[in-house]
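Okay, final_10.txt is below, compact mmCIF, C-alpha atoms:
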```
# COMPACT_ATOMS: atom_id res chain seq x y z
CA MET A 26 -5.42 11.03 -21.24
CA THR A 27 -2.66 11.37 -18.65
CA GLN A 28 -2.49 8.35 -16.41
CA ALA A 29 -0.83 7.34 -13.16
CA PHE A 30 -0.45 3.77 -11.93
CA VAL A 31 -1.31 3.19 -8.28
CA PHE A 32 -0.72 0.07 -6.20
CA PRO A 33 -2.84 -1.29 -3.32
CA GLY A 34 -1.82 -1.85 0.27
CA GLN A 35 -2.74 -4.43 2.86
CA GLY A 36 -6.35 -5.56 3.10
CA SER A 37 -6.91 -7.08 -0.33
CA GLN A 38 -5.36 -10.45 0.58
CA VAL A 39 -7.86 -13.30 0.27
CA VAL A 40 -7.28 -16.97 -0.49
CA GLY A 41 -7.23 -17.33 -4.28
CA ILE A 42 -5.48 -13.98 -4.78
CA GLY A 43 -3.69 -13.93 -8.14
CA ARG A 44 -4.83 -17.40 -9.23
CA GLU A 45 -6.94 -16.29 -12.21
CA VAL A 46 -4.14 -14.11 -13.58
CA ALA A 47 -1.62 -16.93 -13.19
CA GLU A 48 -3.92 -19.39 -14.99
CA ALA A 49 -4.58 -16.96 -17.85
CA PHE A 50 -1.04 -15.68 -18.49
CA PRO A 51 2.20 -17.72 -18.44
CA CYS A 52 4.28 -14.56 -17.87
CA ALA A 53 2.29 -13.89 -14.67
CA ARG A 54 3.13 -17.38 -13.43
CA GLU A 55 6.80 -16.58 -13.98
CA VAL A 56 6.53 -13.64 -11.57
CA PHE A 57 5.04 -15.83 -8.84
CA GLU A 58 7.81 -18.38 -9.40
CA GLU A 59 10.48 -15.65 -9.15
CA ILE A 60 9.02 -14.49 -5.84
CA ASP A 61 8.77 -18.02 -4.44
CA GLU A 62 12.44 -18.53 -5.30
CA ALA A 63 13.49 -15.18 -3.82
CA LEU A 64 11.72 -15.93 -0.54
CA ASN A 65 12.62 -19.64 -0.47
CA GLN A 66 8.92 -20.15 0.30
CA ASN A 67 5.94 -21.50 -1.65
CA LEU A 68 4.06 -18.23 -1.28
CA THR A 69 2.09 -18.98 -4.46
CA LYS A 70 0.55 -22.10 -2.93
CA LEU A 71 -0.37 -20.11 0.19
CA MET A 72 -1.96 -17.38 -1.95
CA PHE A 73 -3.97 -19.80 -4.07
CA GLU A 74 -4.94 -22.38 -1.43
CA GLY A 75 -4.48 -20.83 2.02
CA PRO A 76 -4.90 -21.42 4.89
CA ASP A 77 -6.42 -18.00 5.42
CA ASP A 78 -4.80 -17.47 8.84
CA ASP A 79 -1.32 -17.88 7.36
CA LEU A 80 -2.05 -15.60 4.40
CA LEU A 81 -3.31 -12.89 6.77
CA LEU A 82 0.04 -12.81 8.58
CA THR A 83 1.61 -9.47 7.70
CA GLU A 84 4.89 -11.07 6.58
CA ASN A 85 2.93 -13.12 3.99
CA ALA A 86 0.19 -10.63 3.09
CA GLN A 87 2.62 -7.87 2.09
CA PRO A 88 4.66 -9.83 -0.49
CA ALA A 89 1.47 -11.57 -1.70
CA ILE A 90 -0.26 -8.30 -2.56
CA MET A 91 2.89 -7.04 -4.26
CA ALA A 92 3.18 -10.31 -6.21
CA VAL A 93 -0.22 -9.81 -7.82
CA SER A 94 0.59 -6.22 -8.75
CA GLN A 95 3.90 -7.26 -10.35
CA ALA A 96 2.26 -10.17 -12.16
CA VAL A 97 -0.29 -7.79 -13.69
CA MET A 98 2.50 -5.37 -14.60
CA ARG A 99 4.40 -8.18 -16.36
CA VAL A 100 1.30 -9.05 -18.38
CA LEU A 101 0.71 -5.41 -19.38
CA GLN A 102 4.31 -5.12 -20.54
CA ALA A 103 4.61 -8.53 -22.23
CA GLU A 104 1.15 -8.85 -23.77
CA GLY A 105 0.27 -5.19 -24.21
CA LYS A 106 3.77 -3.90 -25.00
CA LEU A 107 3.20 -1.23 -22.32
CA ASP A 108 6.12 1.19 -22.08
CA MET A 109 5.89 2.74 -18.63
CA ALA A 110 8.20 5.69 -19.31
CA SER A 111 6.19 6.92 -22.30
CA SER A 112 2.64 6.15 -21.14
CA VAL A 113 2.58 6.66 -17.36
CA ALA A 114 3.18 10.04 -15.73
CA PHE A 115 3.55 8.92 -12.09
CA VAL A 116 3.44 5.87 -9.86
CA SER A 117 2.26 5.77 -6.26
CA GLY A 118 1.25 3.10 -3.77
CA HIS A 119 -0.60 2.88 -0.47
CA SER A 120 1.80 1.83 2.31
CA LEU A 121 3.31 -1.50 1.14
CA GLY A 122 2.03 -0.53 -2.33
CA GLU A 123 4.82 2.03 -2.44
CA TYR A 124 7.26 -0.88 -2.87
CA SER A 125 5.12 -2.26 -5.71
CA ALA A 126 5.18 1.19 -7.31
CA LEU A 127 8.96 1.40 -7.01
CA ALA A 128 9.36 -2.03 -8.61
CA ALA A 129 7.12 -0.91 -11.47
CA ALA A 130 9.28 2.19 -11.90
CA GLY A 131 12.45 0.08 -12.13
CA CYS A 132 13.89 1.06 -8.75
CA PHE A 133 13.83 -2.45 -7.24
CA SER A 134 13.98 -5.88 -8.82
CA VAL A 135 10.94 -8.07 -8.18
CA ALA A 136 13.07 -10.43 -6.07
CA ASP A 137 14.45 -7.62 -3.91
CA THR A 138 10.96 -6.16 -3.50
CA ALA A 139 9.66 -9.50 -2.24
CA ARG A 140 12.51 -9.89 0.24
CA LEU A 141 12.12 -6.31 1.49
CA LEU A 142 8.39 -6.75 2.06
CA LYS A 143 8.92 -10.07 3.84
CA THR A 144 11.35 -8.29 6.15
CA ARG A 145 9.04 -5.28 6.52
CA GLY A 146 6.00 -7.42 7.32
CA ARG A 147 7.87 -9.48 9.92
CA ALA A 148 9.45 -6.40 11.51
CA MET A 149 6.11 -4.58 11.75
CA GLN A 150 4.48 -7.65 13.30
CA GLU A 151 7.27 -8.07 15.83
CA ALA A 152 7.53 -4.38 16.78
CA VAL A 153 4.50 -4.52 19.10
CA PRO A 154 3.17 -7.55 21.03
CA VAL A 155 -0.20 -8.73 19.72
CA GLY A 156 -3.05 -6.98 21.53
CA GLU A 157 -1.06 -3.96 22.70
CA GLY A 158 -1.74 -1.89 19.60
CA THR A 159 -4.51 -1.49 17.05
CA MET A 160 -6.01 0.80 14.40
CA ALA A 161 -9.45 2.32 13.85
CA ALA A 162 -11.21 3.99 10.93
CA LEU A 163 -12.96 7.24 11.79
CA MET A 164 -15.55 8.06 9.13
CA GLY A 165 -17.21 11.41 8.56
CA LEU A 166 -14.53 13.58 10.17
CA GLU A 167 -11.84 15.64 8.47
CA LEU A 168 -8.11 15.18 9.05
CA GLU A 169 -7.82 18.22 11.34
CA ASP A 170 -10.61 16.84 13.57
CA VAL A 171 -8.94 13.44 13.74
CA ILE A 172 -5.54 14.91 14.59
CA ALA A 173 -7.16 16.79 17.49
CA ILE A 174 -8.95 13.61 18.65
CA ALA A 175 -5.70 11.60 18.47
CA GLU A 176 -3.93 14.25 20.52
CA GLU A 177 -6.60 14.10 23.22
CA ALA A 178 -6.64 10.28 23.17
CA SER A 179 -2.85 10.25 23.59
CA LYS A 180 -3.37 10.74 27.32
CA ASP A 181 -4.06 6.99 27.32
CA GLY A 182 -0.99 6.09 25.25
CA VAL A 183 0.27 6.51 21.67
CA CYS A 184 -2.42 7.62 19.21
CA ALA A 185 -1.82 9.23 15.84
CA ALA A 186 -3.46 9.76 12.46
CA ALA A 187 -2.00 6.92 10.35
CA ASN A 188 -3.79 7.03 6.98
CA ASP A 189 -5.44 10.08 5.44
CA ASN A 190 -7.30 8.03 2.85
CA ALA A 191 -10.02 10.34 1.53
CA PRO A 192 -12.23 13.20 2.71
CA GLY A 193 -14.04 11.88 5.77
CA GLN A 194 -11.98 8.68 5.98
CA VAL A 195 -9.00 8.82 8.32
CA VAL A 196 -7.41 5.93 10.22
CA VAL A 197 -5.79 6.27 13.65
CA SER A 198 -3.16 3.96 15.10
CA GLY A 199 -1.57 3.37 18.48
CA ASP A 200 -1.98 1.78 21.91
CA THR A 201 -5.21 -0.21 22.16
CA ALA A 202 -6.51 1.86 25.08
CA ALA A 203 -5.77 5.15 23.31
CA VAL A 204 -7.35 4.04 20.03
CA ASN A 205 -10.48 2.91 21.89
CA ARG A 206 -10.58 6.33 23.54
CA ALA A 207 -10.26 7.94 20.08
CA ILE A 208 -13.30 5.94 18.92
CA GLU A 209 -15.34 7.28 21.85
CA LEU A 210 -14.20 10.86 21.19
CA ALA A 211 -14.94 10.54 17.46
CA LYS A 212 -18.50 9.42 18.17
CA GLU A 213 -18.94 12.36 20.55
CA LYS A 214 -17.75 14.72 17.80
CA GLY A 215 -20.25 13.38 15.26
CA ALA A 216 -18.36 10.69 13.36
CA LYS A 217 -20.64 8.67 11.08
CA ARG A 218 -18.77 5.52 12.04
CA ALA A 219 -15.76 4.74 14.22
CA ILE A 220 -14.65 1.12 14.13
CA LEU A 221 -11.65 -0.99 15.05
CA LEU A 222 -9.87 -2.52 12.04
CA PRO A 223 -8.95 -6.22 11.84
CA VAL A 224 -5.19 -5.61 11.97
CA SER A 225 -2.50 -7.34 13.97
CA ALA A 226 -0.38 -4.28 14.76
CA PRO A 227 -0.57 -0.45 14.96
CA PHE A 228 0.97 0.51 11.61
CA HIS A 229 2.18 4.01 10.72
CA CYS A 230 2.70 5.37 14.23
CA SER A 231 5.66 5.80 16.57
CA MET A 232 5.16 2.29 18.00
CA MET A 233 6.62 1.00 14.71
CA ALA A 234 10.03 2.60 15.41
CA PRO A 235 11.76 -0.81 15.85
CA ALA A 236 10.47 -1.82 12.40
CA ALA A 237 11.74 1.43 10.90
CA ASP A 238 15.21 0.60 12.24
CA VAL A 239 15.04 -2.85 10.63
CA MET A 240 14.01 -1.35 7.30
CA GLY A 241 16.77 1.23 7.46
CA ARG A 242 19.31 -1.58 7.66
CA ALA A 243 17.57 -3.72 5.01
CA LEU A 244 17.27 -0.88 2.50
CA ALA A 245 20.95 0.03 2.95
CA THR A 246 21.95 -3.35 1.49
CA VAL A 247 19.69 -3.30 -1.60
CA THR A 248 20.57 -1.90 -5.01
CA MET A 249 18.19 0.91 -6.03
CA GLN A 250 18.12 2.18 -9.61
CA PRO A 251 16.99 5.67 -10.67
CA LEU A 252 13.24 5.66 -11.22
CA THR A 253 12.03 5.69 -14.82
CA ILE A 254 8.82 7.40 -13.63
CA PRO A 255 8.51 9.73 -10.60
CA LEU A 256 7.00 8.31 -7.43
CA ILE A 257 4.50 10.35 -5.43
CA ALA A 258 5.74 9.45 -1.94
CA ASN A 259 3.42 8.52 0.93
CA VAL A 260 4.99 10.74 3.58
CA THR A 261 5.52 13.88 1.48
CA ALA A 262 2.81 13.60 -1.22
CA ALA A 263 5.48 14.99 -3.57
CA PRO A 264 7.30 13.54 -6.61
CA VAL A 265 10.70 11.88 -6.18
CA SER A 266 12.97 10.03 -8.62
CA ASP A 267 16.34 9.85 -6.86
CA PRO A 268 16.97 6.57 -4.95
CA ALA A 269 19.04 8.48 -2.39
CA VAL A 270 15.90 10.46 -1.54
CA VAL A 271 13.54 7.48 -1.79
CA ARG A 272 15.46 5.34 0.71
CA PRO A 273 14.97 7.53 3.83
CA LEU A 274 11.35 8.19 2.82
CA LEU A 275 10.67 4.44 2.90
CA VAL A 276 12.12 4.27 6.41
CA GLU A 277 10.07 7.28 7.52
CA GLN A 278 6.94 5.72 6.01
CA VAL A 279 6.95 2.89 8.58
CA THR A 280 6.11 5.31 11.41
CA GLY A 281 4.70 8.20 9.34
CA MET A 282 1.21 8.98 8.08
CA VAL A 283 0.21 7.75 4.63
CA ARG A 284 -0.96 10.99 2.99
CA TRP A 285 -2.97 9.21 0.32
CA ARG A 286 -5.60 11.92 -0.22
CA GLU A 287 -2.82 14.44 -0.84
CA CYS A 288 -0.91 12.01 -3.09
CA VAL A 289 -3.96 11.70 -5.35
CA LEU A 290 -4.52 15.47 -5.35
CA THR A 291 -0.84 16.04 -6.22
CA MET A 292 -1.19 13.78 -9.26
CA LYS A 293 -4.41 15.54 -10.28
CA GLY A 294 -2.70 18.92 -9.88
CA LYS A 295 0.08 17.77 -12.20
CA GLY A 296 -2.33 16.89 -14.99
CA VAL A 297 -3.29 13.27 -14.24
CA ASP A 298 -6.90 12.55 -15.19
CA THR A 299 -6.88 8.73 -14.94
CA LEU A 300 -5.71 6.51 -12.08
CA VAL A 301 -5.05 2.86 -12.94
CA GLU A 302 -5.10 0.61 -9.86
CA VAL A 303 -2.80 -2.32 -10.63
CA GLY A 304 -3.29 -5.53 -8.66
CA SER A 305 -5.76 -7.01 -6.24
CA GLY A 306 -9.00 -5.27 -5.27
CA LYS A 307 -10.63 -1.95 -6.05
CA VAL A 308 -10.01 0.07 -2.88
CA LEU A 309 -7.83 2.78 -4.41
CA ALA A 310 -10.18 3.32 -7.36
CA GLY A 311 -13.00 3.82 -4.87
CA LEU A 312 -10.97 6.29 -2.81
CA ALA A 313 -10.00 8.23 -5.95
CA ARG A 314 -13.65 8.92 -6.74
CA ARG A 315 -14.20 10.19 -3.21
CA ILE A 316 -11.11 12.40 -3.36
CA ASP A 317 -11.95 14.05 -6.71
CA LYS A 318 -15.00 13.19 -8.77
CA GLU A 319 -13.33 14.50 -11.94
CA LEU A 320 -10.78 11.68 -11.86
CA THR A 321 -11.34 8.52 -13.86
CA ALA A 322 -10.28 5.48 -11.83
CA ILE A 323 -10.08 1.91 -13.09
CA SER A 324 -8.91 -1.31 -11.47
CA VAL A 325 -6.79 -3.75 -13.46
CA GLY A 326 -6.29 -7.02 -11.64
CA THR A 327 -8.31 -9.78 -13.31
CA PRO A 328 -7.86 -11.40 -16.74
CA GLN A 329 -11.01 -9.64 -17.97
CA SER A 330 -9.96 -6.20 -16.71
CA ILE A 331 -6.47 -6.69 -18.14
CA GLU A 332 -7.92 -7.54 -21.59
CA GLU A 333 -10.24 -4.53 -21.43
CA PHE A 334 -7.37 -2.22 -20.46
CA LEU A 335 -5.13 -3.50 -23.25
CA LYS A 336 -7.91 -2.99 -25.81
CA GLY A 337 -8.48 0.46 -24.31
```

Could you render the structure from this file as structure tokens?
Amino acid sequence: MTQAFVFPGQGSQVVGIGREVAEAFPCAREVFEEIDEALNQNLTKLMFEGPDDDLLLTENAQPAIMAVSQAVMRVLQAEGKLDMASSVAFVSGHSLGEYSALAAAGCFSVADTARLLKTRGRAMQEAVPVGEGTMAALMGLELEDVIAIAEEASKDGVCAAANDNAPGQVVVSGDTAAVNRAIELAKEKGAKRAILLPVSAPFHCSMMAPAADVMGRALATVTMQPLTIPLIANVTAAPVSDPAVVRPLLVEQVTGMVRWRECVLTMKGKGVDTLVEVGSGKVLAGLARRIDKELTAISVGTPQSIEEFLKG
């Protein structure tokens, strides 16, 4: 078995996130405490108790999702004596999950990762006034079709393919009017479904340029160590281990398309047969099965799934 660890992005934040893991494993609680201290915020209380509206704010959701992934990683390493360098071939993460992946590969400290994601979430939220931008999932169309639709819809404002998640599942992002036009065009071209997503900003398109500038400055001040395991990067779908190369890719990722389908296929092409989704939810495991049915995909994010994985 050759495995890669993958880390989820935004969307898996729900009140109660991480609570079971924290109650089951003292070392997981330590991670949450580290992150609370780094942010000078009781993020753990917000994650466990809500309110939901505050947790859904991008500046809270991003570090919260990362916190669960890092807590699970700490358990795997402390309880299961997991040695990443010898047992994991690659790491990768969907959007904010790329930061979780880099922390797991030793590039960032947990505290720095939390602060970076707090900054990233706030910058992405502030880049576009609420209501002016949005995102939509276009189901049943291939990437080339969606790129053509986005180009046509761009007559009404910014519209671009933002996430190439799996065959027949591509997300567009941009001005609200242009994205609504893309939904109409997608339905005309035979999309199975075309629906607006419950997001507060148009991520991964040119409207996020102010946030990219913020992240460029933030990343310039953070210490980045050489990766112990190569990262398959969102914007290139290629392996990278050098922090000097990673840093500009993270800036580019704010406005660039998440090439998740290609990331998974790159790992498969390099011999990976098992994807381990570390953290909250099961979205990436589900996408993996759609991308390549030969891949084994498992989600490790609850006490039970952690125990099963460690027995494995």

List every residue of region 221-304 of chain A that has an atom at most 8 Å from any atom of region 196-207 of chain A, giving for each one its closest atom pair and the distance in Å to one decimal, counting only C-alpha atoms, sorted by chain and then by ascending residue number, as JSON lines.
```
{"residue": "A:Leu221", "atom": "CA", "partner": "A:Asn205", "partner_atom": "CA", "distance": 8.0}
{"residue": "A:Pro227", "atom": "CA", "partner": "A:Ser198", "partner_atom": "CA", "distance": 5.1}
{"residue": "A:Phe228", "atom": "CA", "partner": "A:Ser198", "partner_atom": "CA", "distance": 6.4}
{"residue": "A:His229", "atom": "CA", "partner": "A:Ser198", "partner_atom": "CA", "distance": 6.9}
{"residue": "A:Cys230", "atom": "CA", "partner": "A:Ser198", "partner_atom": "CA", "distance": 6.1}
{"residue": "A:Ser231", "atom": "CA", "partner": "A:Gly199", "partner_atom": "CA", "distance": 7.9}
{"residue": "A:Met232", "atom": "CA", "partner": "A:Gly199", "partner_atom": "CA", "distance": 6.8}
```

Closest contacts (region 255-315 of chain A/region 183-192 of chain A, max 7 Å, all atoms listed in the file) as JSON lines:
```
{"residue": "A:Gly281", "atom": "CA", "partner": "A:Ala187", "partner_atom": "CA", "distance": 6.9}
{"residue": "A:Met282", "atom": "CA", "partner": "A:Ala187", "partner_atom": "CA", "distance": 4.4}
{"residue": "A:Val283", "atom": "CA", "partner": "A:Asn188", "partner_atom": "CA", "distance": 4.7}
{"residue": "A:Arg284", "atom": "CA", "partner": "A:Asp189", "partner_atom": "CA", "distance": 5.2}
{"residue": "A:Trp285", "atom": "CA", "partner": "A:Asn190", "partner_atom": "CA", "distance": 5.2}
{"residue": "A:Arg286", "atom": "CA", "partner": "A:Ala191", "partner_atom": "CA", "distance": 5.0}
{"residue": "A:Leu312", "atom": "CA", "partner": "A:Ala191", "partner_atom": "CA", "distance": 6.0}
{"residue": "A:Arg315", "atom": "CA", "partner": "A:Ala191", "partner_atom": "CA", "distance": 6.3}
```

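Shortest separation to Ala129 (chain A) among A:Pro88, A:Pro255, A:Gly311, A:Gly337 occurs at residue A:Pro255, atoms counted being all atoms listed in the file.
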
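Between CA of Leu127 (chain A) and CA of Ala161 (chain A) the interatomic distance comes to 27.8 Å.
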
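One distance worth recording is that between CA of Lys106 (chain A) and CA of Ala86 (chain A), which is 29.1 Å.
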
*asked:* Which residues are close to region 162-171 of chain A, i.e. within 8 Å by all atoms listed in the file, leaving aside same-chain residues fewer than 2 positions away? Reply as JSON, numbers by chain.
replied: {"A": [160, 173, 174, 175, 186, 189, 192, 193, 194, 195, 196, 197, 208, 211, 215, 216, 217, 218, 219, 220, 221, 222]}

*At what distance in Å, to one decimal, does CA of Glu302 (chain A) lie from CA of Phe30 (chain A)?*
6.0 Å

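Restricting the calculation to all atoms listed in the file, the smallest distance between Ala152 (chain A) and any of A:Val116, A:Glu123, A:Val239, A:Leu210 is found for A:Val239.
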
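Between Val46 (chain A) and the candidates A:Val325, A:Leu121, A:Leu274, A:Leu309, the tightest atom-to-atom separation, counting all atoms listed in the file, involves A:Val325.
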
_Exercise: Asn85 (chain A) partners within 10 Å, only C-alpha atoms, chain neighbours under 3 positions left out, as a list in words_ = Gln38, Gln66, Leu68, Leu71, Met72, Asp79, Leu80, Leu81, Leu82, Pro88, Ala89, Ile90, Ala139, Leu142, Lys143, Thr144, Gly146 and Arg147 of chain A

_Which residue is closest to Pro33 (chain A)? Choose from A:Ser305, A:Thr291, A:Ser266, A:Thr246 and count all atoms listed in the file._
A:Ser305

*Of the candidates A:Ala47, A:Met98, A:Val308, A:Ala322, which one gets nearest to Ala128 (chain A) if we count all atoms listed in the file?*
A:Met98

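Closest approach to Ile60 (chain A) from the set A:Ser117, A:Met109, A:Val39, A:Thr138 is made by A:Thr138, with distances taken over only C-alpha atoms.
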
*Scan for residues within 6 Å of the point (8.5, 0.0, 11.4) in the coordinates of the file, using all atoms listed in the file, and reply as an NGL selection string.*
:A and (149 or 233-237 or 279-280)

*Would you be able to write out as a PyMOL selection string which residues have an atom within 6 Å of (2.9, 1.0, -5.0) in the file's coordinates, counting all atoms listed in the file?*
chain A and resi 31-32+117-118+122-126

Write out as a PDB file with C-alpha atoms, keeping the file's coordinate frame each polymer residue whose atoms come within 12 Å of Phe57 (chain A), counting only C-alpha atoms; drop sequence neighbours fewer than 4 positions from it.
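Once written, around11.pdb looks like this:
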```pdb
ATOM      1  CA  ILE A  42      -5.480 -13.980  -4.780  1.00  0.00           C
ATOM      2  CA  GLY A  43      -3.690 -13.930  -8.140  1.00  0.00           C
ATOM      3  CA  ARG A  44      -4.830 -17.400  -9.230  1.00  0.00           C
ATOM      4  CA  VAL A  46      -4.140 -14.110 -13.580  1.00  0.00           C
ATOM      5  CA  ALA A  47      -1.620 -16.930 -13.190  1.00  0.00           C
ATOM      6  CA  GLU A  48      -3.920 -19.390 -14.990  1.00  0.00           C
ATOM      7  CA  PHE A  50      -1.040 -15.680 -18.490  1.00  0.00           C
ATOM      8  CA  PRO A  51       2.200 -17.720 -18.440  1.00  0.00           C
ATOM      9  CA  CYS A  52       4.280 -14.560 -17.870  1.00  0.00           C
ATOM     10  CA  ALA A  53       2.290 -13.890 -14.670  1.00  0.00           C
ATOM     11  CA  ASP A  61       8.770 -18.020  -4.440  1.00  0.00           C
ATOM     12  CA  GLU A  62      12.440 -18.530  -5.300  1.00  0.00           C
ATOM     13  CA  ALA A  63      13.490 -15.180  -3.820  1.00  0.00           C
ATOM     14  CA  LEU A  64      11.720 -15.930  -0.540  1.00  0.00           C
ATOM     15  CA  ASN A  65      12.620 -19.640  -0.470  1.00  0.00           C
ATOM     16  CA  GLN A  66       8.920 -20.150   0.300  1.00  0.00           C
ATOM     17  CA  ASN A  67       5.940 -21.500  -1.650  1.00  0.00           C
ATOM     18  CA  LEU A  68       4.060 -18.230  -1.280  1.00  0.00           C
ATOM     19  CA  THR A  69       2.090 -18.980  -4.460  1.00  0.00           C
ATOM     20  CA  LYS A  70       0.550 -22.100  -2.930  1.00  0.00           C
ATOM     21  CA  LEU A  71      -0.370 -20.110   0.190  1.00  0.00           C
ATOM     22  CA  MET A  72      -1.960 -17.380  -1.950  1.00  0.00           C
ATOM     23  CA  PHE A  73      -3.970 -19.800  -4.070  1.00  0.00           C
ATOM     24  CA  PRO A  88       4.660  -9.830  -0.490  1.00  0.00           C
ATOM     25  CA  ALA A  89       1.470 -11.570  -1.700  1.00  0.00           C
ATOM     26  CA  ILE A  90      -0.260  -8.300  -2.560  1.00  0.00           C
ATOM     27  CA  MET A  91       2.890  -7.040  -4.260  1.00  0.00           C
ATOM     28  CA  ALA A  92       3.180 -10.310  -6.210  1.00  0.00           C
ATOM     29  CA  VAL A  93      -0.220  -9.810  -7.820  1.00  0.00           C
ATOM     30  CA  SER A  94       0.590  -6.220  -8.750  1.00  0.00           C
ATOM     31  CA  GLN A  95       3.900  -7.260 -10.350  1.00  0.00           C
ATOM     32  CA  ALA A  96       2.260 -10.170 -12.160  1.00  0.00           C
ATOM     33  CA  VAL A  97      -0.290  -7.790 -13.690  1.00  0.00           C
ATOM     34  CA  ARG A  99       4.400  -8.180 -16.360  1.00  0.00           C
ATOM     35  CA  VAL A 135      10.940  -8.070  -8.180  1.00  0.00           C
ATOM     36  CA  ALA A 136      13.070 -10.430  -6.070  1.00  0.00           C
ATOM     37  CA  ALA A 139       9.660  -9.500  -2.240  1.00  0.00           C
TER      38      ALA A 139
END
```

So for region 77-83 of chain A, what box centre and size do we get, axis-aligned, 5 Å extra on each of the six sides, every listed atom, Å to one decimal, as lines of an AutoDock Vina configuration file?
```
center_x = -2.4
center_y = -13.7
center_z = 6.6
size_x = 18.0
size_y = 18.5
size_z = 14.4
```
